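Shown next: input16.tsv, containing TSV, C-alpha atoms and all ligand atoms.
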```tsv
chain	number	residue	atom	x	y	z
A	1	MET	CA	-19.95	4.29	17.42
A	2	LEU	CA	-19.76	1.93	14.44
A	3	TYR	CA	-18.42	2.67	10.97
A	4	ILE	CA	-18.43	0.89	7.64
A	5	GLY	CA	-15.19	0.59	5.69
A	6	VAL	CA	-15.35	-0.21	1.98
A	7	ASP	CA	-12.39	-1.47	-0.04
A	8	ILE	CA	-13.01	-1.33	-3.80
A	9	GLY	CA	-11.00	-3.70	-5.96
A	10	GLY	CA	-11.05	-4.48	-9.66
A	11	MET	CA	-12.58	-7.92	-9.04
A	12	SER	CA	-14.53	-7.50	-5.82
A	13	VAL	CA	-15.67	-4.93	-3.30
A	14	LYS	CA	-15.20	-5.70	0.39
A	15	ALA	CA	-17.08	-3.96	3.16
A	16	GLY	CA	-16.90	-4.36	6.93
A	17	LEU	CA	-18.62	-3.01	10.01
A	18	VAL	CA	-15.80	-1.68	12.20
A	19	ASP	CA	-15.79	-0.45	15.79
A	20	GLU	CA	-13.65	2.32	17.26
A	21	ASN	CA	-10.96	-0.19	18.25
A	22	GLY	CA	-10.49	-1.12	14.63
A	23	SER	CA	-12.10	-4.55	15.01
A	24	ILE	CA	-14.23	-5.87	12.17
A	25	ILE	CA	-17.60	-7.07	13.48
A	26	VAL	CA	-18.96	-8.44	10.19
A	27	LYS	CA	-17.75	-8.24	6.62
A	28	ASP	CA	-19.01	-9.23	3.23
A	29	THR	CA	-18.03	-8.94	-0.43
A	30	ALA	CA	-19.68	-8.34	-3.78
A	31	VAL	CA	-18.47	-8.70	-7.35
A	32	THR	CA	-17.24	-5.46	-8.94
A	33	ARG	CA	-19.04	-4.94	-12.24
A	34	ALA	CA	-16.00	-2.95	-13.32
A	35	GLN	CA	-17.29	-2.01	-16.78
A	36	ALA	CA	-20.87	-1.14	-15.79
A	37	PRO	CA	-21.89	2.55	-15.74
A	38	ALA	CA	-20.38	4.27	-12.69
A	39	GLU	CA	-23.79	4.88	-11.07
A	40	GLU	CA	-24.55	1.16	-11.19
A	41	ILE	CA	-21.21	0.31	-9.59
A	42	VAL	CA	-21.98	2.79	-6.81
A	43	ALA	CA	-25.49	1.30	-6.45
A	44	ASP	CA	-23.93	-2.18	-6.05
A	45	ILE	CA	-21.66	-0.77	-3.34
A	46	ALA	CA	-24.64	0.89	-1.62
A	47	ALA	CA	-26.43	-2.48	-1.61
A	48	LEU	CA	-23.35	-4.14	-0.07
A	49	VAL	CA	-23.15	-1.46	2.63
A	50	ARG	CA	-26.85	-1.99	3.46
A	51	LYS	CA	-26.28	-5.73	3.67
A	52	VAL	CA	-23.30	-5.38	6.01
A	53	ALA	CA	-25.21	-2.96	8.25
A	54	ASP	CA	-28.11	-5.46	8.32
A	55	GLU	CA	-25.83	-8.37	9.16
A	56	GLY	CA	-24.32	-6.31	11.97
A	57	GLY	CA	-27.79	-5.35	13.25
A	58	VAL	CA	-27.19	-1.62	12.97
A	59	ALA	CA	-29.37	0.95	11.20
A	60	LEU	CA	-27.67	3.11	8.56
A	61	SER	CA	-28.86	6.18	10.45
A	62	ALA	CA	-26.99	5.00	13.55
A	63	LEU	CA	-23.65	4.66	11.75
A	64	GLY	CA	-20.84	7.07	12.56
A	65	GLY	CA	-19.98	7.16	8.87
A	66	ILE	CA	-18.75	5.30	5.83
A	67	GLY	CA	-15.16	5.34	4.56
A	68	VAL	CA	-14.15	4.18	1.11
A	69	GLY	CA	-10.82	3.21	-0.43
A	70	SER	CA	-10.66	3.21	-4.21
A	71	PRO	CA	-7.90	2.34	-6.65
A	72	GLY	CA	-6.86	5.12	-8.99
A	73	SER	CA	-6.73	8.88	-8.66
A	74	VAL	CA	-9.06	10.25	-6.01
A	75	ASP	CA	-9.73	13.84	-4.96
A	76	ASP	CA	-10.37	13.19	-1.27
A	77	GLU	CA	-11.71	16.62	-0.43
A	78	ALA	CA	-14.11	16.81	-3.37
A	79	GLY	CA	-15.10	13.15	-2.89
A	80	VAL	CA	-14.49	12.49	-6.57
A	81	ILE	CA	-12.78	9.52	-8.23
A	82	ARG	CA	-10.95	11.17	-11.14
A	83	TYR	CA	-10.18	7.90	-12.87
A	84	SER	CA	-9.35	4.31	-12.12
A	85	CYS	CA	-7.43	2.10	-14.57
A	86	ASN	CA	-9.54	-1.02	-14.19
A	87	ILE	CA	-12.92	0.31	-13.08
A	88	ASN	CA	-15.28	2.53	-15.06
A	89	PHE	CA	-14.92	5.62	-12.87
A	90	VAL	CA	-14.24	8.89	-14.69
A	91	ARG	CA	-14.72	12.08	-12.65
A	92	THR	CA	-17.29	10.16	-10.63
A	93	PRO	CA	-18.75	12.19	-7.70
A	94	PHE	CA	-18.61	9.08	-5.55
A	95	VAL	CA	-19.25	10.59	-2.12
A	96	GLU	CA	-22.29	12.53	-3.31
A	97	LEU	CA	-23.72	9.44	-5.07
A	98	LEU	CA	-23.17	6.95	-2.26
A	99	GLY	CA	-24.18	9.40	0.48
A	100	GLY	CA	-27.36	10.22	-1.47
A	101	MET	CA	-28.30	6.58	-2.07
A	102	LEU	CA	-27.87	5.70	1.61
A	103	SER	CA	-28.81	9.02	3.24
A	104	VAL	CA	-25.57	8.95	5.21
A	105	ARG	CA	-23.89	12.32	5.70
A	106	ASN	CA	-20.40	11.35	6.80
A	107	VAL	CA	-18.91	9.62	3.74
A	108	LYS	CA	-15.16	9.89	3.15
A	109	ILE	CA	-13.00	8.56	0.34
A	110	SER	CA	-9.31	8.21	-0.40
A	111	ASN	CA	-7.00	6.15	-2.55
A	112	ASP	CA	-6.91	2.49	-1.44
A	113	ALA	CA	-3.17	2.59	-0.64
A	114	ASN	CA	-3.75	5.62	1.59
A	115	CYS	CA	-6.55	3.81	3.42
A	116	ALA	CA	-4.39	0.73	3.99
A	117	ALA	CA	-1.60	2.97	5.31
A	118	LEU	CA	-3.96	4.69	7.73
A	119	GLY	CA	-5.34	1.33	8.91
A	120	GLU	CA	-1.86	-0.10	9.52
A	121	THR	CA	-0.76	3.07	11.31
A	122	VAL	CA	-3.74	3.41	13.62
A	123	TYR	CA	-4.66	-0.24	14.24
A	124	GLY	CA	-1.95	-2.44	12.73
A	125	ALA	CA	1.83	-2.71	12.71
A	126	GLY	CA	2.30	1.01	13.40
A	127	ARG	CA	-0.16	1.21	16.31
A	128	GLY	CA	0.75	4.17	18.49
A	129	ALA	CA	2.74	6.01	15.82
A	130	ARG	CA	1.78	9.58	14.86
A	131	ASN	CA	3.99	9.57	11.78
A	132	SER	CA	4.51	6.69	9.39
A	133	VAL	CA	5.28	5.84	5.82
A	134	THR	CA	3.72	2.64	4.48
A	135	VAL	CA	5.46	1.21	1.46
A	136	THR	CA	3.73	-1.51	-0.55
A	137	LEU	CA	6.14	-3.68	-2.52
A	138	GLY	CA	3.94	-5.35	-5.12
A	139	THR	CA	3.59	-5.23	-8.90
A	140	GLY	CA	4.35	-1.53	-8.41
A	141	VAL	CA	5.32	0.44	-5.32
A	142	GLY	CA	2.64	2.38	-3.45
A	143	THR	CA	3.20	4.71	-0.53
A	144	GLY	CA	0.89	6.11	2.11
A	145	ILE	CA	2.14	8.88	4.35
A	146	VAL	CA	0.71	9.71	7.76
A	147	VAL	CA	1.85	12.95	9.41
A	148	ASP	CA	0.59	13.84	12.86
A	149	GLY	CA	-2.13	11.18	12.67
A	150	ARG	CA	-3.53	12.28	9.32
A	151	LEU	CA	-2.94	11.23	5.72
A	152	LEU	CA	-0.71	13.57	3.78
A	153	THR	CA	-1.92	13.67	0.18
A	154	GLY	CA	-0.94	17.07	-1.26
A	155	ASN	CA	-2.94	19.45	-3.43
A	156	LYS	CA	-6.20	17.79	-4.58
A	157	SER	CA	-4.79	14.53	-3.17
A	158	ALA	CA	-2.44	14.24	-6.14
A	159	GLY	CA	0.65	13.59	-4.02
A	160	ALA	CA	2.07	10.81	-1.85
A	161	GLU	CA	3.25	8.94	-4.94
A	162	GLY	CA	6.53	7.82	-3.40
A	163	GLY	CA	6.90	5.00	-5.90
A	164	HIS	CA	7.78	7.58	-8.51
A	165	VAL	CA	10.42	9.45	-6.56
A	166	ILE	CA	13.51	9.13	-8.72
A	167	ILE	CA	16.37	7.35	-7.00
A	168	LYS	CA	18.63	7.19	-10.07
A	169	ALA	CA	18.59	9.86	-12.78
A	170	GLY	CA	18.38	8.21	-16.21
A	171	GLY	CA	18.01	4.78	-14.58
A	172	GLU	CA	15.69	1.85	-15.26
A	173	LYS	CA	12.50	2.54	-17.19
A	174	CYS	CA	9.39	2.75	-14.97
A	175	GLY	CA	5.80	1.79	-15.77
A	176	CYS	CA	4.92	5.49	-15.53
A	177	GLY	CA	7.07	6.29	-18.57
A	178	LYS	CA	9.86	8.05	-16.65
A	179	ARG	CA	13.26	6.61	-15.75
A	180	GLY	CA	14.91	5.80	-12.45
A	181	CYS	CA	11.80	5.74	-10.22
A	182	PHE	CA	11.92	3.97	-6.84
A	183	GLU	CA	9.29	1.57	-8.23
A	184	ALA	CA	11.60	0.55	-11.09
A	185	TYR	CA	14.07	-0.79	-8.49
A	186	ALA	CA	11.97	-1.83	-5.51
A	187	SER	CA	8.78	-3.45	-6.85
A	188	ALA	CA	8.35	-7.22	-7.03
A	189	THR	CA	8.47	-6.79	-10.80
A	190	ALA	CA	11.86	-5.08	-10.48
A	191	LEU	CA	13.17	-7.83	-8.20
A	192	MET	CA	12.10	-10.42	-10.78
A	193	ARG	CA	14.00	-8.52	-13.47
A	194	GLN	CA	17.08	-8.31	-11.23
A	195	THR	CA	16.79	-12.06	-10.59
A	196	ALA	CA	16.47	-12.88	-14.30
A	197	ARG	CA	19.56	-10.82	-15.13
A	198	ALA	CA	21.61	-12.55	-12.45
A	199	CYS	CA	20.52	-15.95	-13.80
A	200	GLU	CA	21.68	-14.96	-17.30
A	201	ARG	CA	25.06	-13.83	-16.04
A	202	HIS	CA	25.52	-16.83	-13.73
A	203	PRO	CA	23.87	-19.86	-15.37
A	204	GLU	CA	25.91	-22.15	-13.06
A	205	SER	CA	24.49	-20.59	-9.88
A	206	GLY	CA	22.03	-22.19	-7.48
A	207	LEU	CA	19.76	-19.25	-8.27
A	208	ALA	CA	19.70	-20.10	-12.00
A	209	LYS	CA	18.98	-23.76	-11.21
A	210	LEU	CA	16.11	-22.85	-8.91
A	211	ALA	CA	14.75	-20.41	-11.50
A	212	LYS	CA	14.77	-23.18	-14.09
A	213	GLU	CA	12.87	-25.53	-11.77
A	214	ARG	CA	10.14	-23.19	-10.58
A	215	GLY	CA	10.28	-20.09	-12.78
A	216	ILE	CA	11.02	-16.62	-11.46
A	217	ASP	CA	8.79	-14.70	-9.10
A	218	GLY	CA	9.41	-12.31	-6.20
A	219	ARG	CA	10.38	-15.22	-3.92
A	220	THR	CA	12.97	-16.99	-6.08
A	221	ALA	CA	16.03	-14.97	-5.05
A	222	PHE	CA	15.00	-15.01	-1.37
A	223	MET	CA	14.65	-18.81	-1.49
A	224	ALA	CA	18.05	-19.35	-3.16
A	225	ALA	CA	19.71	-16.90	-0.76
A	226	LYS	CA	18.27	-18.81	2.19
A	227	ALA	CA	19.76	-21.99	0.72
A	228	GLY	CA	23.15	-20.23	0.72
A	229	ASP	CA	23.62	-19.32	-2.95
A	230	LYS	CA	26.09	-16.44	-3.30
A	231	VAL	CA	24.60	-14.98	-6.48
A	232	ALA	CA	21.13	-14.89	-4.89
A	233	LYS	CA	22.58	-13.26	-1.78
A	234	ARG	CA	24.06	-10.53	-3.96
A	235	VAL	CA	20.70	-10.01	-5.71
A	236	ILE	CA	18.94	-9.68	-2.35
A	237	GLY	CA	21.69	-7.44	-0.96
A	238	ASN	CA	21.31	-5.07	-3.90
A	239	TYR	CA	17.51	-5.19	-3.71
A	240	ILE	CA	17.62	-4.25	-0.03
A	241	ARG	CA	19.98	-1.39	-0.87
A	242	TYR	CA	17.48	-0.12	-3.46
A	243	VAL	CA	14.48	-0.36	-1.13
A	244	GLY	CA	16.55	1.08	1.73
A	245	THR	CA	17.69	4.02	-0.42
A	246	GLY	CA	14.06	4.92	-1.05
A	247	LEU	CA	13.20	4.63	2.65
A	248	VAL	CA	16.15	6.79	3.67
A	249	GLY	CA	14.94	9.47	1.27
A	250	PHE	CA	11.49	9.39	2.87
A	251	ALA	CA	13.08	9.33	6.35
A	252	ASN	CA	15.02	12.50	5.59
A	253	VAL	CA	11.82	14.31	4.62
A	254	PHE	CA	9.24	12.91	7.05
A	255	TYR	CA	11.30	11.30	9.83
A	256	PRO	CA	8.47	8.93	10.82
A	257	GLU	CA	8.52	6.73	13.92
A	258	VAL	CA	7.96	3.74	11.69
A	259	PHE	CA	8.09	2.41	8.15
A	260	ILE	CA	5.46	-0.22	7.48
A	261	ILE	CA	6.29	-2.60	4.65
A	262	SER	CA	3.37	-4.33	2.97
A	263	GLY	CA	2.67	-6.17	-0.30
A	264	GLY	CA	3.77	-9.59	-1.51
A	265	ILE	CA	7.49	-9.11	-0.79
A	266	SER	CA	6.77	-8.21	2.85
A	267	LYS	CA	5.89	-11.89	3.41
A	268	GLU	CA	9.65	-12.60	3.39
A	269	GLY	CA	9.60	-11.32	6.98
A	270	ASP	CA	12.92	-10.97	8.83
A	271	ALA	CA	15.03	-11.74	5.74
A	272	LEU	CA	13.74	-8.43	4.37
A	273	ILE	CA	12.84	-6.40	7.44
A	274	LEU	CA	15.98	-6.79	9.58
A	275	PRO	CA	18.53	-5.68	6.95
A	276	LEU	CA	16.19	-2.87	5.86
A	277	ARG	CA	15.91	-1.64	9.45
A	278	ARG	CA	19.72	-1.69	9.79
A	279	PHE	CA	20.10	0.17	6.49
A	280	VAL	CA	17.66	2.92	7.48
A	281	GLN	CA	19.09	3.30	10.98
A	282	LYS	CA	22.61	3.57	9.56
A	283	ASN	CA	21.89	5.90	6.65
A	284	ALA	CA	19.08	8.28	7.65
A	285	TYR	CA	20.38	11.80	8.14
A	286	GLY	CA	21.23	12.47	11.78
A	287	ALA	CA	20.19	8.94	12.75
A	288	GLU	CA	22.97	8.65	15.34
A	289	TYR	CA	21.48	11.59	17.30
A	290	ASN	CA	17.77	11.33	16.49
A	291	PRO	CA	15.30	8.78	17.85
A	292	PRO	CA	15.60	5.44	15.99
A	293	ILE	CA	13.25	4.75	13.10
A	294	ASP	CA	11.60	1.35	13.12
A	295	VAL	CA	10.89	-0.77	10.06
A	296	VAL	CA	8.15	-3.41	10.46
A	297	ALA	CA	6.05	-5.70	8.29
A	298	ALA	CA	2.36	-4.86	7.88
A	299	SER	CA	0.08	-6.91	10.12
A	300	LEU	CA	-3.53	-6.43	9.00
A	301	GLY	CA	-3.23	-8.37	5.73
A	302	ASN	CA	-6.24	-8.08	3.41
A	303	ASP	CA	-8.29	-6.30	6.09
A	304	ALA	CA	-6.06	-3.20	6.10
A	305	GLY	CA	-8.18	-1.53	3.40
A	306	ILE	CA	-11.51	-2.02	5.21
A	307	ILE	CA	-10.14	-0.98	8.60
A	308	GLY	CA	-8.27	1.99	7.14
A	309	ALA	CA	-11.33	3.19	5.21
A	310	ALA	CA	-13.36	3.03	8.43
A	311	ALA	CA	-10.59	4.96	10.23
A	312	LEU	CA	-10.84	7.62	7.51
A	313	ALA	CA	-14.53	8.10	8.35
A	314	MET	CA	-13.75	8.18	12.09
A	315	ARG	CA	-11.42	11.10	11.51
A	316	GLY	CA	-14.33	13.07	10.08
B	1	ZN	ZN	7.60	5.95	-12.22
```
Please, can you express the file's structure as C-alpha cells?
Amino acid sequence: MLYIGVDIGGMSVKAGLVDENGSIIVKDTAVTRAQAPAEEIVADIAALVRKVADEGGVALSALGGIGVGSPGSVDDEAGVIRYSCNINFVRTPFVELLGGMLSVRNVKISNDANCAALGETVYGAGRGARNSVTVTLGTGVGTGIVVDGRLLTGNKSAGAEGGHVIIKAGGEKCGCGKRGCFEAYASATALMRQTARACERHPESGLAKLAKERGIDGRTAFMAAKAGDKVAKRVIGNYIRYVGTGLVGFANVFYPEVFIISGGISKEGDALILPLRRFVQKNAYGAEYNPPIDVVAASLGNDAGIIGAAALAMRG
C-alpha cells in the first residue's frame, strides 16, 4: 500500500509518495500562499497531492491514505487546524476539506513536530523503538512524544509541548511569555544568548575573537570549544547541562528507549550527543538499574516530516 505524506511549511508545502517501508518514491513541492483564504491553500495542497500521485503512477483511489503535518495548533482527532502563526489557518476543518476535494477517506493530520517525531521513531534514528521523545533544538524547542508506537498529544492534542516545561522557576524569559522554560535554556536562540554573555564577560577569550570575526550563531561556541578555548568549553558544558536536565525530566516521566535530537544544533553530532547521552544515563532516576536510555541524532533530515505524516496515515 502507498501513502502520501504532506509537510506544510510557511514558505513551501512538500508532499511525497511513501511506501510501507518509509521510503519516498517521488516527492514534489509547491509554494505556500500563506495569506490566501484557507480554502485556497487547501486547494493548492490538493493539487500538489494529485500531482505527486500522478508522478508516482498511482490513482488517488488506490492510496492507503494521506497524512499531513502542519505548523501551529492542530486538533488531530477533529482534523482541525486551530491556528498557525504564519499561515492563514483559523479553525480550519482541514481533513474534511482536503478529503472532500480528493475523495480520499483516510486523511490524518497532526502538528509538524509530531509528524517528524513519528517519522524518526518508526523509520529514522529511533527505528525499532516503541517509546521515544524527539527534541528539536532550533529557534525554539519542539518535542514529539511516542508512547507504545503512537503519538502522545493529550486532550484535543494540546499537549506534548515539552519546550515549555519549566526547568528553573523564575528563570530566563521565554518566547511564550513565561519564565524558566526548557526552550529558554536549550534552543539555538538561548545558546546564542549564552554565547554573547560569555563574550561580554571574557573579551580576551578565543570565543570572543571568533564571535567578532564571524558573528554569533548556534555554532560559534561549538567551534571555539573544538579549537580548545576554555570559555567556549564552559558555555557548551553549561548548555549540555541545560539540555540534559530537560531530557532527564522527560526520561523520568516517559522512560523512552531513545531520545532523538533534531534541529540545527543536532548537526554538531558527537560533540553534542555523546555528553548528552552520558548526562542522561547518569542522572535519569533509577538509571543504574533500568535499561539504558539512548540519545541519538535525527537521521531523516528534511524528509522526516513527509515520512512521518505518511506514517500517521498508515496508523489509521
Ligand atoms: Zn515557554
Distance table requested - chain A against ligand ZN 1 (chain B), cut-off 6 Å, all atoms listed in the file: one row per qualifying residue with the closest atom pair and its distance in Å to one decimal, ordered by chain and rising residue number, as CSV.
```
residue,atom,partner,partner_atom,distance
A:His164,CA,B:ZN1,ZN,4.1
A:Cys174,CA,B:ZN1,ZN,4.6
A:Gly175,CA,B:ZN1,ZN,5.8
A:Cys176,CA,B:ZN1,ZN,4.3
A:Lys178,CA,B:ZN1,ZN,5.4
A:Cys181,CA,B:ZN1,ZN,4.7
```
Go through region 133-243 of chain A and flag each residue having an atom no more than 8 Å from region 103-119 of chain A; for those, report the closest pair of atoms plus their distance in Å to one decimal, using all atoms listed in the file, ordered by chain and rising number, as CSV.
```
residue,atom,partner,partner_atom,distance
A:Val133,CA,A:Ala117,CA,7.5
A:Thr134,CA,A:Ala117,CA,5.4
A:Gly142,CA,A:Ala113,CA,6.5
A:Thr143,CA,A:Ala113,CA,6.7
A:Gly144,CA,A:Asn114,CA,4.7
A:Ile145,CA,A:Ala117,CA,7.1
A:Val146,CA,A:Leu118,CA,6.9
A:Arg150,CA,A:Leu118,CA,7.8
A:Leu151,CA,A:Leu118,CA,6.9
```
Legend entry - Shortest interatomic distance to Asn131 (chain A) - which of A:Asp294, A:Glu39, A:Asp75, A:Glu204, counting only C-alpha atoms: A:Asp294
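Atom to atom, CA of Ala34 (chain A) and CA of Ser12 (chain A) stand 8.9 Å apart.
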Inset, instruction - Go through A:Ile273, A:Leu312, A:Ile260, A:Val90 and flag the residue nearest Glu120 (chain A), using all atoms listed in the file for the distances. - result: A:Ile260
Legend entry - Polymer residues at most 10 Å from Leu60 (chain A), only C-alpha atoms, same-chain spacing of 5 or more positions, as a PyMOL selection string: chain A and resi 2-4+49-50+52-54+65-66+102-104
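Between Asp217 (chain A) and the candidates A:Arg193, A:Arg33, A:Lys156, A:Lys27, the tightest atom-to-atom separation, counting all atoms listed in the file, involves A:Arg193.
Here CA of Arg179 (chain A) and CA of Thr195 (chain A) stand 19.7 Å from one another.
Taking CA of Ala227 (chain A) and CA of Arg201 (chain A) as endpoints, the distance between them is 19.4 Å.
Remark: for Gly64 (chain A), the closest of the candidate residues A:Gly5, A:Gly149, A:Gly264, A:Gly79 is A:Gly5 (distances computed over all atoms listed in the file).
Proximity to Val141 (chain A) was assessed for A:Val68, A:Val248, A:Ile265, A:Ile41 counting all atoms listed in the file; the smallest distance is recorded for A:Ile265.
Minimum atom-to-atom distances from A:Ala160, A:Leu276, A:Val243, A:Ala125 to Gly301 (chain A) were compared using all atoms listed in the file, and the lowest value belongs to A:Ala125.
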Legend entry - Who sits within 8 Å of region 251-256 of chain A, all atoms listed in the file, same chain under 3 positions skipped, as number ranges by chain: A: 130-133, 147, 247-248, 259, 280, 284-285, 293
Legend entry - For Ser23 (chain A): contacts at 12 Å, only C-alpha atoms, fewer than 2 positions along chain excluded, given as number ranges by chain: A: 2-5, 16-21, 25-27, 119, 122-124, 300, 303-304, 306-308, 310-311
Convert the current residue selection to file output with C-alpha atoms, as a short mmCIF file (atom, residue, chain, number, x, y, z; two decimals), in the frame of the given file.
```
data_model
loop_
_atom_site.label_atom_id
_atom_site.label_comp_id
_atom_site.auth_asym_id
_atom_site.auth_seq_id
_atom_site.Cartn_x
_atom_site.Cartn_y
_atom_site.Cartn_z
CA LEU A 2 -19.76 1.93 14.44
CA TYR A 3 -18.42 2.67 10.97
CA ILE A 4 -18.43 0.89 7.64
CA GLY A 5 -15.19 0.59 5.69
CA GLY A 16 -16.90 -4.36 6.93
CA LEU A 17 -18.62 -3.01 10.01
CA VAL A 18 -15.80 -1.68 12.20
CA ASP A 19 -15.79 -0.45 15.79
CA GLU A 20 -13.65 2.32 17.26
CA ASN A 21 -10.96 -0.19 18.25
CA ILE A 25 -17.60 -7.07 13.48
CA VAL A 26 -18.96 -8.44 10.19
CA LYS A 27 -17.75 -8.24 6.62
CA GLY A 119 -5.34 1.33 8.91
CA VAL A 122 -3.74 3.41 13.62
CA TYR A 123 -4.66 -0.24 14.24
CA GLY A 124 -1.95 -2.44 12.73
CA LEU A 300 -3.53 -6.43 9.00
CA ASP A 303 -8.29 -6.30 6.09
CA ALA A 304 -6.06 -3.20 6.10
CA ILE A 306 -11.51 -2.02 5.21
CA ILE A 307 -10.14 -0.98 8.60
CA GLY A 308 -8.27 1.99 7.14
CA ALA A 310 -13.36 3.03 8.43
CA ALA A 311 -10.59 4.96 10.23
#
```
Enclose region 72-85 of chain A, meaning all of its atoms listed in the file, in a box aligned along x, y and z, pad it by 5 Å on each side, and list the centre and edge lengths in Å to one decimal, as AutoDock Vina command-line options.
```
--center_x -10.9 --center_y 9.5 --center_z -7.5 --size_x 18.4 --size_y 24.7 --size_z 24.1
```
Inset, instruction - Using all atoms listed in the file, determine which residues lie at most 12 Å from Met192 (chain A), disregarding the query and same-chain residues fewer than 4 positions distant; provide the list as a list in words. - result: Gly138, Thr139, Ala184, Tyr185, Ala186, Ser187, Ala188, Ala196, Arg197, Ala198, Cys199, Leu207, Ala211, Gly215, Ile216, Asp217, Gly218, Arg219, Thr220, Ala221, Phe222, Ala232, Val235, Ile236, Tyr239 and Ile265 of chain A
Store the residues picked out above, limited to C-alpha atoms, as a PDB file, in the frame of the given file.
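The result, written out as again19.pdb:
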```pdb
ATOM      1  CA  GLY A 138       3.940  -5.350  -5.120  1.00  0.00           C
ATOM      2  CA  THR A 139       3.590  -5.230  -8.900  1.00  0.00           C
ATOM      3  CA  ALA A 184      11.600   0.550 -11.090  1.00  0.00           C
ATOM      4  CA  TYR A 185      14.070  -0.790  -8.490  1.00  0.00           C
ATOM      5  CA  ALA A 186      11.970  -1.830  -5.510  1.00  0.00           C
ATOM      6  CA  SER A 187       8.780  -3.450  -6.850  1.00  0.00           C
ATOM      7  CA  ALA A 188       8.350  -7.220  -7.030  1.00  0.00           C
ATOM      8  CA  ALA A 196      16.470 -12.880 -14.300  1.00  0.00           C
ATOM      9  CA  ARG A 197      19.560 -10.820 -15.130  1.00  0.00           C
ATOM     10  CA  ALA A 198      21.610 -12.550 -12.450  1.00  0.00           C
ATOM     11  CA  CYS A 199      20.520 -15.950 -13.800  1.00  0.00           C
ATOM     12  CA  LEU A 207      19.760 -19.250  -8.270  1.00  0.00           C
ATOM     13  CA  ALA A 211      14.750 -20.410 -11.500  1.00  0.00           C
ATOM     14  CA  GLY A 215      10.280 -20.090 -12.780  1.00  0.00           C
ATOM     15  CA  ILE A 216      11.020 -16.620 -11.460  1.00  0.00           C
ATOM     16  CA  ASP A 217       8.790 -14.700  -9.100  1.00  0.00           C
ATOM     17  CA  GLY A 218       9.410 -12.310  -6.200  1.00  0.00           C
ATOM     18  CA  ARG A 219      10.380 -15.220  -3.920  1.00  0.00           C
ATOM     19  CA  THR A 220      12.970 -16.990  -6.080  1.00  0.00           C
ATOM     20  CA  ALA A 221      16.030 -14.970  -5.050  1.00  0.00           C
ATOM     21  CA  PHE A 222      15.000 -15.010  -1.370  1.00  0.00           C
ATOM     22  CA  ALA A 232      21.130 -14.890  -4.890  1.00  0.00           C
ATOM     23  CA  VAL A 235      20.700 -10.010  -5.710  1.00  0.00           C
ATOM     24  CA  ILE A 236      18.940  -9.680  -2.350  1.00  0.00           C
ATOM     25  CA  TYR A 239      17.510  -5.190  -3.710  1.00  0.00           C
ATOM     26  CA  ILE A 265       7.490  -9.110  -0.790  1.00  0.00           C
TER      27      ILE A 265
END
```
Legend entry - Long-range neighbours of Met101 (chain A) as JSON, numbers by chain, 9 Å cut-off, all atoms listed in the file, 6 positions minimum in chain: {"A": [42, 43, 46]}
